[in-house]
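What follows is upload.tsv (TSV, C-alpha atoms and all ligand atoms).
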chain	number	residue	atom	x	y	z
K	1	MET	CA	25.41	115.21	-128.34
K	2	THR	CA	22.98	118.10	-128.03
K	3	VAL	CA	24.32	121.25	-126.43
K	4	GLY	CA	22.33	124.27	-125.31
K	5	THR	CA	22.94	127.60	-123.59
K	6	VAL	CA	21.53	128.11	-120.11
K	7	PHE	CA	22.08	131.03	-117.76
K	8	ASN	CA	20.96	129.54	-114.47
K	9	MET	CA	19.96	126.26	-112.85
K	10	GLN	CA	17.99	127.23	-109.79
K	11	LYS	CA	17.42	124.75	-107.00
K	12	TYR	CA	14.48	124.58	-104.59
K	13	SER	CA	12.13	126.71	-106.71
K	14	ILE	CA	8.63	126.83	-105.27
K	15	HIS	CA	7.01	129.30	-107.68
K	16	ASP	CA	7.50	127.49	-110.98
K	17	GLY	CA	4.95	124.71	-110.70
K	18	PRO	CA	3.93	122.21	-108.00
K	19	GLY	CA	6.23	121.10	-105.20
K	20	ILE	CA	9.96	121.69	-104.97
K	21	ARG	CA	11.53	122.10	-108.37
K	22	THR	CA	14.75	122.75	-110.20
K	23	THR	CA	14.27	125.52	-112.75
K	24	ILE	CA	16.51	125.53	-115.80
K	25	PHE	CA	16.73	128.97	-117.40
K	26	PHE	CA	17.46	128.86	-121.12
K	27	LYS	CA	19.22	131.79	-122.72
K	28	GLY	CA	17.55	133.60	-125.61
K	29	CYS	CA	14.05	135.01	-126.01
K	30	PRO	CA	12.10	136.21	-129.08
K	31	LEU	CA	10.18	138.73	-126.97
K	32	SER	CA	11.50	141.90	-125.38
K	33	CYS	CA	8.90	142.65	-122.70
K	34	GLN	CA	9.48	146.04	-121.16
K	35	TRP	CA	9.01	144.60	-117.66
K	36	CYS	CA	11.27	141.55	-118.19
K	37	HIS	CA	12.84	140.59	-114.86
K	38	ASN	CA	15.41	138.33	-116.52
K	39	PRO	CA	17.11	140.71	-118.98
K	40	GLU	CA	20.19	138.49	-118.92
K	41	SER	CA	18.08	135.89	-120.72
K	42	LEU	CA	17.26	137.92	-123.82
K	43	VAL	CA	20.38	137.44	-125.94
K	44	PRO	CA	20.80	133.80	-127.08
K	45	LYS	CA	24.58	133.67	-126.86
K	46	THR	CA	26.90	133.90	-123.85
K	47	GLU	CA	27.63	137.47	-122.72
K	48	ILE	CA	30.35	139.07	-120.59
K	49	VAL	CA	29.43	141.86	-118.17
K	50	PHE	CA	31.58	144.16	-116.04
K	51	LEU	CA	30.56	144.84	-112.43
K	52	GLU	CA	32.21	148.11	-111.51
K	53	ASN	CA	31.55	147.79	-107.78
K	54	LYS	CA	33.63	144.60	-107.64
K	55	CYS	CA	36.60	145.88	-109.63
K	56	ILE	CA	39.84	146.60	-107.70
K	57	GLY	CA	41.66	147.97	-110.76
K	58	CYS	CA	44.35	145.25	-110.87
K	59	ARG	CA	44.37	145.16	-114.72
K	60	GLU	CA	44.69	141.35	-114.82
K	61	CYS	CA	41.89	141.34	-117.38
K	62	VAL	CA	43.84	143.70	-119.65
K	63	LYS	CA	46.88	141.42	-119.52
K	64	ALA	CA	44.79	138.31	-120.11
K	65	CYS	CA	42.87	139.56	-123.11
K	66	PRO	CA	44.37	138.17	-126.35
K	67	ALA	CA	42.26	140.54	-128.44
K	68	SER	CA	43.34	143.75	-126.66
K	69	ALA	CA	39.66	144.46	-126.17
K	70	ILE	CA	39.90	145.87	-122.64
K	71	THR	CA	41.18	149.32	-121.77
K	72	PHE	CA	41.07	151.58	-118.74
K	73	SER	CA	40.97	155.32	-119.30
K	74	GLU	CA	39.88	158.37	-117.33
K	75	GLN	CA	36.33	157.32	-118.13
K	76	GLY	CA	37.06	153.94	-116.55
K	77	PHE	CA	36.73	150.39	-117.84
K	78	CYS	CA	35.89	149.77	-121.49
K	79	ARG	CA	35.44	146.46	-123.34
K	80	ASP	CA	35.37	146.81	-127.13
K	81	LYS	CA	32.57	144.45	-128.12
K	82	GLU	CA	33.75	144.48	-131.74
K	83	LYS	CA	37.15	143.11	-130.77
K	84	CYS	CA	35.97	140.76	-128.01
K	85	THR	CA	35.82	137.11	-129.09
K	86	LEU	CA	34.06	135.96	-125.87
K	87	CYS	CA	37.02	133.71	-125.06
K	88	GLU	CA	36.32	134.24	-121.32
K	89	LYS	CA	40.00	134.59	-120.37
K	90	CYS	CA	39.24	137.86	-118.55
K	91	VAL	CA	36.54	136.12	-116.54
K	92	ASP	CA	38.95	133.36	-115.57
K	93	MET	CA	41.69	135.79	-114.55
K	94	CYS	CA	39.62	138.37	-112.69
K	95	PRO	CA	40.28	137.80	-108.96
K	96	THR	CA	37.10	139.45	-107.69
K	97	GLY	CA	34.34	138.31	-110.04
K	98	ALA	CA	34.04	141.78	-111.57
K	99	MET	CA	34.07	140.14	-115.00
K	100	GLU	CA	31.04	137.90	-115.10
K	101	LYS	CA	29.90	135.45	-117.74
K	102	LEU	CA	26.18	135.19	-118.44
K	103	GLY	CA	25.22	131.84	-119.87
K	104	SER	CA	27.11	128.60	-120.36
K	105	LYS	CA	27.05	125.85	-122.93
K	106	LYS	CA	25.76	122.66	-121.34
K	107	THR	CA	25.19	119.17	-122.65
K	108	VAL	CA	21.93	117.37	-121.97
K	109	ALA	CA	23.82	114.96	-119.69
K	110	GLU	CA	25.26	117.82	-117.63
K	111	VAL	CA	21.84	119.40	-117.08
K	112	ILE	CA	20.19	116.07	-116.26
K	113	LYS	CA	22.93	115.30	-113.75
K	114	GLU	CA	22.13	118.57	-111.97
K	115	ILE	CA	18.40	117.93	-112.08
K	116	GLU	CA	18.76	114.42	-110.68
K	117	LYS	CA	20.65	115.62	-107.61
K	118	ASP	CA	17.34	116.71	-106.08
K	119	SER	CA	15.18	113.76	-107.08
K	120	ILE	CA	14.42	112.99	-103.44
K	121	PHE	CA	12.86	116.44	-102.98
K	122	TYR	CA	10.73	116.04	-106.11
K	123	GLU	CA	9.40	112.72	-104.85
K	124	GLU	CA	8.60	114.01	-101.39
K	125	SER	CA	7.00	117.28	-102.50
K	126	GLY	CA	5.36	116.33	-105.79
K	127	GLY	CA	7.82	118.58	-107.60
K	128	GLY	CA	10.08	118.14	-110.59
K	129	VAL	CA	11.85	120.25	-113.18
K	130	THR	CA	10.71	123.45	-114.90
K	131	PHE	CA	12.26	124.64	-118.14
K	132	SER	CA	12.12	128.42	-118.31
K	133	GLY	CA	14.07	131.30	-119.77
K	134	GLY	CA	14.26	133.25	-121.84
K	135	GLU	CA	12.19	131.02	-124.05
K	136	ALA	CA	13.14	127.35	-123.95
K	137	LEU	CA	11.40	126.73	-127.29
K	138	MET	CA	14.14	128.78	-128.98
K	139	GLN	CA	16.42	125.75	-128.44
K	140	PRO	CA	13.97	123.04	-129.54
K	141	ALA	CA	16.34	120.07	-129.95
K	142	PHE	CA	18.03	120.72	-126.60
K	143	LEU	CA	14.65	121.10	-124.89
K	144	LYS	CA	13.23	117.96	-126.47
K	145	ASN	CA	16.20	115.85	-125.44
K	146	LEU	CA	16.01	117.15	-121.88
K	147	LEU	CA	12.29	116.47	-121.69
K	148	THR	CA	12.72	112.99	-123.11
K	149	SER	CA	15.40	112.16	-120.59
K	150	CYS	CA	13.28	113.49	-117.69
K	151	LYS	CA	10.32	111.39	-118.81
K	152	GLU	CA	12.54	108.29	-118.97
K	153	LYS	CA	13.56	109.01	-115.38
K	154	ARG	CA	9.94	109.71	-114.34
K	155	ILE	CA	10.67	113.30	-113.34
K	156	HIS	CA	7.67	115.65	-113.56
K	157	THR	CA	8.21	118.26	-116.27
K	158	ALA	CA	6.88	121.81	-116.61
K	159	LEU	CA	7.52	124.29	-119.40
K	160	ASP	CA	7.28	127.99	-118.57
K	161	THR	CA	6.66	129.55	-121.98
K	162	SER	CA	5.61	132.72	-123.73
K	163	GLY	CA	3.96	130.47	-126.33
K	164	TYR	CA	5.71	132.44	-129.07
K	165	ALA	CA	6.97	129.59	-131.26
K	166	SER	CA	5.85	127.63	-134.28
K	167	TRP	CA	3.04	125.17	-133.60
K	168	GLU	CA	5.32	122.43	-134.98
K	169	SER	CA	7.87	123.12	-132.22
K	170	LEU	CA	5.22	123.08	-129.51
K	171	ALA	CA	3.46	120.02	-130.87
K	172	SER	CA	6.74	118.11	-131.03
K	173	ILE	CA	7.25	118.40	-127.25
K	174	ALA	CA	3.66	118.62	-125.98
K	175	ASP	CA	3.44	114.94	-125.01
K	176	LEU	CA	6.62	115.26	-122.96
K	177	VAL	CA	5.36	118.19	-120.86
K	178	ASP	CA	3.27	117.39	-117.78
K	179	LEU	CA	2.36	121.02	-117.18
K	180	PHE	CA	2.51	124.19	-119.24
K	181	LEU	CA	2.97	127.51	-117.43
K	182	TYR	CA	1.66	129.70	-120.23
K	183	ASP	CA	1.89	133.49	-120.22
K	184	ILE	CA	-0.94	135.74	-121.38
K	185	LYS	CA	0.14	139.35	-121.37
K	186	LEU	CA	-2.13	141.59	-123.44
K	187	MET	CA	-5.21	140.86	-125.53
K	188	ASN	CA	-4.86	143.87	-127.84
K	189	GLU	CA	-2.42	142.96	-130.61
K	190	GLU	CA	-1.05	146.46	-131.18
K	191	LYS	CA	-0.37	146.96	-127.48
K	192	HIS	CA	1.18	143.51	-127.31
K	193	LYS	CA	3.54	144.47	-130.13
K	194	LYS	CA	4.35	147.77	-128.46
K	195	TYR	CA	5.20	146.30	-125.06
K	196	THR	CA	6.66	142.89	-125.97
K	197	GLY	CA	7.97	143.43	-129.50
K	198	VAL	CA	5.85	140.67	-131.09
K	199	SER	CA	2.27	139.91	-132.12
K	200	ASN	CA	0.08	137.93	-129.72
K	201	ILE	CA	-1.69	136.04	-132.52
K	202	PRO	CA	0.63	132.98	-132.63
K	203	ILE	CA	0.63	132.91	-128.81
K	204	HIS	CA	-3.16	132.78	-128.65
K	205	GLU	CA	-3.48	130.33	-131.54
K	206	ASN	CA	-0.96	127.96	-129.93
K	207	LEU	CA	-2.80	128.15	-126.63
K	208	LYS	CA	-6.08	127.23	-128.34
K	209	LYS	CA	-4.40	124.19	-129.93
K	210	LEU	CA	-2.78	123.08	-126.68
K	211	ALA	CA	-6.07	123.43	-124.82
K	212	ALA	CA	-7.86	121.45	-127.54
K	213	ARG	CA	-5.47	118.52	-127.05
K	214	ASN	CA	-6.12	118.60	-123.30
K	215	SER	CA	-2.63	119.57	-122.23
K	216	LYS	CA	-2.48	120.56	-118.58
K	217	ILE	CA	-2.06	124.34	-118.52
K	218	TRP	CA	-1.69	126.97	-115.84
K	219	ILE	CA	-2.08	130.49	-117.18
K	220	ARG	CA	0.28	133.14	-115.83
K	221	ILE	CA	-0.52	136.83	-116.20
K	222	PRO	CA	2.11	139.42	-115.29
K	223	LEU	CA	0.17	142.42	-113.94
K	224	ILE	CA	1.82	145.59	-115.12
K	225	PRO	CA	0.23	148.82	-113.83
K	226	GLY	CA	-0.93	151.10	-116.62
K	227	ILE	CA	-0.12	148.51	-119.30
K	228	ASN	CA	-2.38	145.47	-118.88
K	229	ASP	CA	-4.30	145.99	-115.62
K	230	ASP	CA	-7.16	147.99	-117.17
K	231	GLU	CA	-10.71	146.70	-116.98
K	232	GLN	CA	-10.99	146.03	-120.71
K	233	ASN	CA	-7.86	143.89	-120.88
K	234	ILE	CA	-8.73	141.96	-117.73
K	235	GLU	CA	-12.27	141.25	-118.96
K	236	GLN	CA	-11.04	140.14	-122.39
K	237	THR	CA	-8.36	137.95	-120.82
K	238	GLY	CA	-10.83	136.27	-118.47
K	239	ALA	CA	-13.29	135.60	-121.30
K	240	PHE	CA	-10.53	134.19	-123.53
K	241	ILE	CA	-9.22	131.79	-120.86
K	242	ALA	CA	-12.68	130.63	-119.80
K	243	ALA	CA	-13.71	129.97	-123.43
K	244	LEU	CA	-10.81	127.50	-123.70
K	245	ASN	CA	-12.05	125.64	-120.61
K	246	LEU	CA	-8.87	126.47	-118.76
K	247	ARG	CA	-9.25	127.18	-115.08
K	248	ASP	CA	-5.97	127.78	-113.25
K	249	VAL	CA	-4.57	131.32	-113.34
K	250	SER	CA	-1.69	132.92	-111.45
K	251	LEU	CA	-1.40	136.70	-111.34
K	252	LEU	CA	2.20	137.88	-111.12
K	253	PRO	CA	2.16	141.48	-109.87
K	254	TYR	CA	4.88	143.70	-111.30
K	255	HIS	CA	7.92	144.48	-109.17
K	256	ASN	CA	10.99	146.47	-110.08
K	257	ILE	CA	13.67	144.41	-108.37
K	258	ALA	CA	15.25	143.67	-111.77
K	259	MET	CA	16.19	147.32	-112.26
K	260	ASP	CA	19.74	146.74	-111.02
K	261	LYS	CA	20.22	143.97	-113.56
K	262	TYR	CA	19.58	146.45	-116.37
K	263	THR	CA	22.25	148.76	-114.97
K	264	ARG	CA	24.75	145.87	-114.83
K	265	LEU	CA	23.94	144.95	-118.41
K	266	ASP	CA	24.21	148.56	-119.57
K	267	ARG	CA	20.61	148.45	-120.81
K	268	THR	CA	17.83	150.96	-120.38
K	269	TYR	CA	15.03	150.05	-117.99
K	270	ARG	CA	11.94	151.56	-119.58
K	271	LEU	CA	9.45	151.22	-116.71
K	272	GLN	CA	11.25	153.12	-113.99
K	273	ASP	CA	8.25	155.35	-113.28
K	274	ILE	CA	5.85	152.48	-112.69
K	275	ARG	CA	4.94	151.68	-109.11
K	276	PRO	CA	3.87	148.15	-108.05
K	277	LEU	CA	0.16	147.46	-107.49
K	278	SER	CA	-1.11	147.32	-103.93
K	279	ASN	CA	-2.42	144.00	-102.59
K	280	THR	CA	-5.91	145.50	-102.70
K	281	GLN	CA	-5.58	146.31	-106.39
K	282	ALA	CA	-4.19	142.88	-107.25
K	283	ASN	CA	-6.94	141.15	-105.27
K	284	ALA	CA	-9.60	143.24	-107.04
K	285	ILE	CA	-8.27	142.02	-110.40
K	286	ALA	CA	-8.28	138.45	-109.10
K	287	GLN	CA	-11.96	138.85	-108.14
K	288	ARG	CA	-12.79	140.16	-111.59
K	289	LEU	CA	-11.21	137.06	-113.16
K	290	LYS	CA	-12.87	134.71	-110.69
K	291	ALA	CA	-16.20	135.92	-112.04
K	292	PHE	CA	-15.34	133.92	-115.18
K	293	GLY	CA	-15.22	130.72	-113.12
K	294	LEU	CA	-11.42	130.72	-112.93
K	295	ASN	CA	-9.25	129.54	-110.03
K	296	VAL	CA	-7.11	132.60	-109.50
K	297	LYS	CA	-4.22	133.09	-107.13
K	298	VAL	CA	-1.99	136.07	-106.69
K	299	GLY	CA	1.64	135.02	-106.91
K	300	GLY	CA	3.60	132.31	-108.76
G	401	LIG	S1	36.20	137.57	-123.32
G	401	LIG	FE1	38.28	137.27	-124.16
G	401	LIG	S2	38.37	138.66	-125.89
G	401	LIG	FE2	36.61	139.31	-124.66
G	401	LIG	S3	37.40	140.88	-123.32
G	401	LIG	FE3	37.52	138.95	-122.20
G	401	LIG	S4	39.60	138.21	-122.61
G	401	LIG	FE4	39.19	139.79	-124.13
G	402	LIG	S1	40.75	141.75	-113.50
G	402	LIG	FE1	38.76	142.18	-112.56
G	402	LIG	S2	39.27	143.39	-110.74
G	402	LIG	FE2	41.08	143.40	-112.04
G	402	LIG	S3	40.85	145.28	-113.28
G	402	LIG	FE3	39.97	143.60	-114.46
G	402	LIG	S4	37.80	143.65	-113.92
G	402	LIG	FE4	38.87	144.85	-112.37

Let me see the structure of the file written as structure tokens.
Ligand code: SF4
Ligand code: SF4
Amino acid sequence: MTVGTVFNMQKYSIHDGPGIRTTIFFKGCPLSCQWCHNPESLVPKTEIVFLENKCIGCRECVKACPASAITFSEQGFCRDKEKCTLCEKCVDMCPTGAMEKLGSKKTVAEVIKEIEKDSIFYEESGGGVTFSGGEALMQPAFLKNLLTSCKEKRIHTALDTSGYASWESLASIADLVDLFLYDIKLMNEEKHKKYTGVSNIPIHENLKKLAARNSKIWIRIPLIPGINDDEQNIEQTGAFIAALNLRDVSLLPYHNIAMDKYTRLDRTYRLQDIRPLSNTQANAIAQRLKAFGLNVKVGG
């Protein structure tokens, strides 16, 4: 029985591929993009977070913790991550949801059961399931089993991926994926390393191989002001995509609505000074890419 870690199963998604979809968010990602709007997806294992605004100070979590990992002092709540065994007893006992668990272990059967609940919507809308994250390719056996089961049930499958994986992993599931939603972030390798933590070379090489085997691919480009929206990067990106005979591109303009998530997770949000692009700016970039013969839309 294959088990994986997911942090959300989102119903009625309309921005993760065609039609109405269920999006399964896998936990764990090899990249650390500075603009990531799903920071809860980065760490592969389950995490526990404390939401101060929900806490009523009842101390039930302190009593429940077998590892004596939780204390309250003048500085407030503290969970000793060295002592914590992630047993989740504090989450179970907290009456207000101030202790929250991010990520759950799920079997393939459990995820498929959830996906199948909305089969009628997929059929009526031309939708299906999208595997996203995090990076689903970090849990290759779990992903492959889910894809196989969806294909057996004739459910349309999409994989939203950074493309940062071994070619062997990608090739092993490529025939089971009806549509790749493939991110291209930065063409310059050094900048890619600086802003995402990894090289773009395997990402670009994998995309070339997928395109060569005629996989159906929609390119997604997050537009981050001051990082990848400059003329040189846009021109290089357009030329790269067009040379692979790919056509469909979605521009995903940066927004900062994930900032609160970073606070909850006690992580630093590094792009707080960046302001979102105006519609005019985003449309101008779309026009520049259309000049390469691409079908470009702004939005997911
Ligand atoms: S998850 Fe378990 S060990 Fe960790 S703080 Fe909560 S009760 Fe204690
Ligand atoms: S059990 Fe929940 S509400 Fe009570 S003190 Fe702990 S975190 Fe706060």

Contact residues around stretch 155-160 of chain K with all atoms listed in the file at 9 Å, ignoring same-chain residues under 2 positions, as number ranges by chain: K: 16-17, 116, 119, 122-123, 126-133, 135-136, 147, 149-153, 162-163, 176-183

Convert the current residue selection to file output with C-alpha atoms, as a tab-separated table (two decimals), in the coordinates of the input.
chain	number	residue	atom	x	y	z
K	16	ASP	CA	7.50	127.49	-110.98
K	17	GLY	CA	4.95	124.71	-110.70
K	116	GLU	CA	18.76	114.42	-110.68
K	119	SER	CA	15.18	113.76	-107.08
K	122	TYR	CA	10.73	116.04	-106.11
K	123	GLU	CA	9.40	112.72	-104.85
K	126	GLY	CA	5.36	116.33	-105.79
K	127	GLY	CA	7.82	118.58	-107.60
K	128	GLY	CA	10.08	118.14	-110.59
K	129	VAL	CA	11.85	120.25	-113.18
K	130	THR	CA	10.71	123.45	-114.90
K	131	PHE	CA	12.26	124.64	-118.14
K	132	SER	CA	12.12	128.42	-118.31
K	133	GLY	CA	14.07	131.30	-119.77
K	135	GLU	CA	12.19	131.02	-124.05
K	136	ALA	CA	13.14	127.35	-123.95
K	147	LEU	CA	12.29	116.47	-121.69
K	149	SER	CA	15.40	112.16	-120.59
K	150	CYS	CA	13.28	113.49	-117.69
K	151	LYS	CA	10.32	111.39	-118.81
K	152	GLU	CA	12.54	108.29	-118.97
K	153	LYS	CA	13.56	109.01	-115.38
K	162	SER	CA	5.61	132.72	-123.73
K	163	GLY	CA	3.96	130.47	-126.33
K	176	LEU	CA	6.62	115.26	-122.96
K	177	VAL	CA	5.36	118.19	-120.86
K	178	ASP	CA	3.27	117.39	-117.78
K	179	LEU	CA	2.36	121.02	-117.18
K	180	PHE	CA	2.51	124.19	-119.24
K	181	LEU	CA	2.97	127.51	-117.43
K	182	TYR	CA	1.66	129.70	-120.23
K	183	ASP	CA	1.89	133.49	-120.22

Near-ligand residues for ligand LIG 401 (chain G), threshold 12 Å, all atoms listed in the file, as a ChimeraX atom specification: /K:46-50,59-71,77-94,98-102

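Restricting the calculation to all atoms listed in the file, the smallest distance between ligand LIG 402 (chain G) and any of K:Pro253, K:Pro202, K:Gly76, K:Gly293 is found for K:Gly76.
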
With stretch 279-284 of chain K as the partner and 12 Å as the cut-off, tabulate the residues of stretch 161-228 of chain K that qualify, each row holding the nearest pair of atoms and their distance in Å to one decimal, using all atoms listed in the file, sorted by chain and rising number, as JSON lines.
{"residue": "K:Ile221", "atom": "CA", "partner": "K:Ala282", "partner_atom": "CA", "distance": 11.4}
{"residue": "K:Pro222", "atom": "CA", "partner": "K:Ala282", "partner_atom": "CA", "distance": 10.8}
{"residue": "K:Leu223", "atom": "CA", "partner": "K:Ala282", "partner_atom": "CA", "distance": 8.0}
{"residue": "K:Ile224", "atom": "CA", "partner": "K:Ala282", "partner_atom": "CA", "distance": 10.3}
{"residue": "K:Pro225", "atom": "CA", "partner": "K:Gln281", "partner_atom": "CA", "distance": 9.8}

Hey, can you spit out that residue selection with C-alpha atoms as a compact mmCIF listing (two decimals), in the frame of the given file?
# COMPACT_ATOMS: atom_id res chain seq x y z
CA ILE K 221 -0.52 136.83 -116.20
CA PRO K 222 2.11 139.42 -115.29
CA LEU K 223 0.17 142.42 -113.94
CA ILE K 224 1.82 145.59 -115.12
CA PRO K 225 0.23 148.82 -113.83

Between atom CA of K:Phe292 and atom CA of K:Arg247 - distance in Å to one decimal: 9.1 Å

Local residues around (21.4, 128.5, -118.6), at most 9 Å away, using only C-alpha atoms, as a ChimeraX atom specification: /K:4-9,24-27,41,102-106,133

If I put a ball of radius 9 Å at (38.8, 141.8, -105.5) in the file's coordinates, which residues poke into it when counting all atoms listed in the file, written as a PDB file with C-alpha atoms, keeping the file's coordinate frame?
ATOM      1  CA  LYS K  54      33.630 144.600-107.640  1.00  0.00           C
ATOM      2  CA  CYS K  55      36.600 145.880-109.630  1.00  0.00           C
ATOM      3  CA  ILE K  56      39.840 146.600-107.700  1.00  0.00           C
ATOM      4  CA  GLY K  57      41.660 147.970-110.760  1.00  0.00           C
ATOM      5  CA  CYS K  58      44.350 145.250-110.870  1.00  0.00           C
ATOM      6  CA  CYS K  94      39.620 138.370-112.690  1.00  0.00           C
ATOM      7  CA  PRO K  95      40.280 137.800-108.960  1.00  0.00           C
ATOM      8  CA  THR K  96      37.100 139.450-107.690  1.00  0.00           C
ATOM      9  CA  GLY K  97      34.340 138.310-110.040  1.00  0.00           C
ATOM     10  CA  ALA K  98      34.040 141.780-111.570  1.00  0.00           C
TER      11      ALA K  98
END

Shell of 10 Å around K:Val3, all atoms listed in the file, local chain residues under 6 positions omitted, as an NGL selection string: :K and (104-111 or 139 or 141-143 or 145)

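Of the listed residues K:Val296, K:Leu51, K:Leu146, K:Ile201, the one whose atoms come nearest to ligand LIG 402 (chain G) is K:Leu51, with distances taken using only C-alpha atoms and all ligand atoms.
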
Nearest to K:Ile241 by atom-to-atom distance, counting only C-alpha atoms, from K:Leu207, K:Ala258, K:Cys36, K:Leu271: K:Leu207

Atom pair atom S2 of ligand LIG 402 (chain G) / atom CA of K:Arg264: separation (Å):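 Answer for the atom S2 of ligand LIG 402 (chain G) to atom CA of K:Arg264 separation: 15.3 Å.
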